[in-house]
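Everything below belongs to my_file.txt, which stores compact mmCIF, C-alpha atoms and all ligand atoms.
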# COMPACT_ATOMS: atom_id res chain seq x y z
CA MET A 1090 7.99 24.25 24.72
CA VAL A 1091 8.12 23.67 28.46
CA ARG A 1092 5.06 24.22 30.58
CA PRO A 1093 5.67 23.58 34.27
CA SER A 1094 1.97 23.93 35.11
CA SER A 1095 0.81 20.98 33.00
CA ASP A 1096 2.52 18.08 34.68
CA ILE A 1097 0.65 15.63 32.45
CA TRP A 1098 4.06 15.35 30.77
CA GLN A 1099 5.35 13.57 33.85
CA LEU A 1100 3.07 10.64 33.02
CA PHE A 1101 4.69 10.23 29.61
CA ASP A 1102 8.19 9.36 28.49
CA ILE A 1103 9.48 11.50 25.67
CA GLU A 1104 11.08 9.46 22.91
CA LYS A 1105 13.20 11.47 20.54
CA THR A 1106 13.69 10.18 17.03
CA ASP A 1107 15.55 12.25 14.43
CA LYS A 1108 13.69 15.56 14.38
CA LYS A 1109 10.46 14.33 15.92
CA SER A 1110 9.58 13.47 19.47
CA LYS A 1111 7.02 10.97 20.67
CA ALA A 1112 5.18 10.82 23.95
CA VAL A 1113 4.87 7.33 25.40
CA CYS A 1114 2.40 6.63 28.18
CA LYS A 1115 4.24 5.27 31.21
CA PHE A 1116 1.30 3.08 32.17
CA CYS A 1117 0.22 1.36 28.94
CA CYS A 1118 3.06 2.32 26.54
CA PHE A 1119 0.64 4.01 24.14
CA LYS A 1120 2.56 6.27 21.78
CA TYR A 1121 1.58 9.72 20.62
CA ALA A 1122 3.42 10.80 17.49
CA PHE A 1123 2.48 14.42 18.11
CA PRO A 1124 2.62 15.11 21.83
CA ASN A 1125 -0.12 17.49 22.94
CA ALA A 1126 -1.09 18.16 26.55
CA THR A 1127 -4.82 18.16 25.81
CA ARG A 1128 -4.72 14.84 23.97
CA MET A 1129 -2.47 13.30 26.59
CA THR A 1130 -4.85 14.35 29.36
CA ASN A 1131 -7.71 12.87 27.37
CA HIS A 1132 -5.77 9.61 27.03
CA ILE A 1133 -5.16 9.39 30.77
CA LEU A 1134 -8.79 10.16 31.60
CA ASN A 1135 -10.67 8.21 28.94
CA GLN A 1136 -8.44 5.78 27.13
CA CYS A 1137 -5.72 4.54 29.44
CA SER A 1138 -6.70 1.27 31.08
CA LYS A 1139 -3.62 0.96 33.28
CA CYS A 1140 -3.51 4.44 34.76
CA PRO A 1141 -4.28 4.41 38.52
CA LEU A 1142 -7.67 5.85 39.43
CA GLU A 1143 -6.21 8.42 41.82
CA ILE A 1144 -4.20 9.94 38.98
CA LYS A 1145 -7.26 10.09 36.74
CA GLN A 1146 -9.12 11.91 39.50
CA THR A 1147 -6.32 14.45 39.88
CA TYR A 1148 -6.56 15.47 36.24
CA GLY A 1149 -10.31 14.92 35.97
CA ASN A 1150 -11.04 17.49 38.67
CA GLU A 1151 -9.14 20.18 36.81
CA ILE A 1152 -11.22 19.66 33.66
CA GLN A 1153 -14.63 19.39 35.32
CA SER A 1154 -14.26 22.58 37.35
CA SER A 1155 -13.76 24.74 34.25
CA SER A 1156 -16.10 23.23 31.63
CA LYS A 1157 -19.40 22.80 33.48
CA SER A 1158 -22.04 25.51 33.36
CA SER A 1159 -25.76 25.66 34.05
CA THR A 1160 -27.68 26.01 30.80
CA SER A 1161 -30.80 23.83 31.03
CA GLU A 1162 -32.33 25.80 33.91
CA GLU A 1163 -31.82 29.11 32.17
CA LYS A 1164 -33.49 27.85 28.99
CA GLU A 1165 -36.52 26.63 30.95
CA SER A 1166 -37.06 29.99 32.62
CA ASN A 1167 -36.69 31.85 29.31
CA LYS A 1168 -39.45 29.70 27.82
CA ASP A 1169 -41.81 30.61 30.63
CA ILE A 1170 -41.16 34.32 30.17
CA LEU A 1171 -41.77 34.03 26.41
CA LEU A 1172 -45.11 32.24 26.92
CA GLU A 1173 -46.25 34.86 29.43
CA ALA A 1174 -45.38 37.66 27.02
CA LEU A 1175 -47.37 36.02 24.21
CA GLU A 1176 -50.41 35.68 26.44
CA ASP A 1177 -50.19 39.34 27.40
CA THR A 1178 -50.19 40.55 23.80
CA SER A 1179 -53.26 38.47 22.89
CA LEU A 1180 -55.37 40.44 25.35
CA PRO A 1181 -57.29 43.43 24.01
ZN ZN A 1201 -1.89 4.98 28.81

Could you take the file, read its structure, and then write that structure out as structure tokens?
Amino acid sequence: MVRPSSDIWQLFDIEKTDKKSKAVCKFCCFKYAFPNATRMTNHILNQCSKCPLEIKQTYGNEIQSSSKSSTSEEKESNKDILLEALEDTSLP
């Protein structure tokens, strides 16, 4: 399972024990029994206290660009349209 695109693995040491492998954070030595790129990214961004800020920003930008979407504005405008439609139907 090698993914060259997710270099989050570079921030972790892989410890192999028997059949399992653990991911160990290079900054704070936190161990993940079940290495997972999503969890490891989450650790670096939200949980790791020793990770340099510039590294957090590198991975943080990737996540923010894909997850954000405008929803509140659309809901507001839909409400207005609905109210206008109700007013129209109440007229004779
Ligand atoms: Zn850490």

Neighbourhood of ligand ZN 1201 (chain A) at 9 Å, counting all atoms listed in the file, reported as a list of chain:residue names: A:Leu1100, A:Phe1101, A:Val1113, A:Cys1114, A:Lys1115, A:Phe1116, A:Cys1117, A:Cys1118, A:Phe1119, A:Lys1120, A:Met1129, A:His1132, A:Ile1133, A:Gln1136, A:Cys1137, A:Ser1138, A:Lys1139, A:Cys1140

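Here CA of Phe1123 in chain A and CA of Lys1145 in chain A stand 21.5 Å from one another.
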
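Picture a line from CA of Ile1103 in chain A to CA of Pro1141 in chain A; it runs 20.1 Å.
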
Report, in Å with one decimal, the straight-line distance from CA of Gly1149 in chain A to CA of Lys1105 in chain A.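 Going from CA of Gly1149 in chain A over to CA of Lys1105 in chain A covers 28.3 Å.
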
Pick out the closest residue to Ala1122 in chain A from this set: A:Tyr1148, A:Leu1142, A:Lys1109, A:Trp1098. Count only C-alpha atoms.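 Going through A:Tyr1148, A:Leu1142, A:Lys1109, A:Trp1098 one by one, the smallest distance to Ala1122 in chain A is for A:Lys1109.
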
From A:Asp1102, A:Ala1112, A:Ile1097, A:Thr1147, residue lying nearest Ala1126 in chain A [all atoms listed in the file]: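 When distances to Ala1126 in chain A are compared using all atoms listed in the file, the smallest one comes from A:Ile1097.
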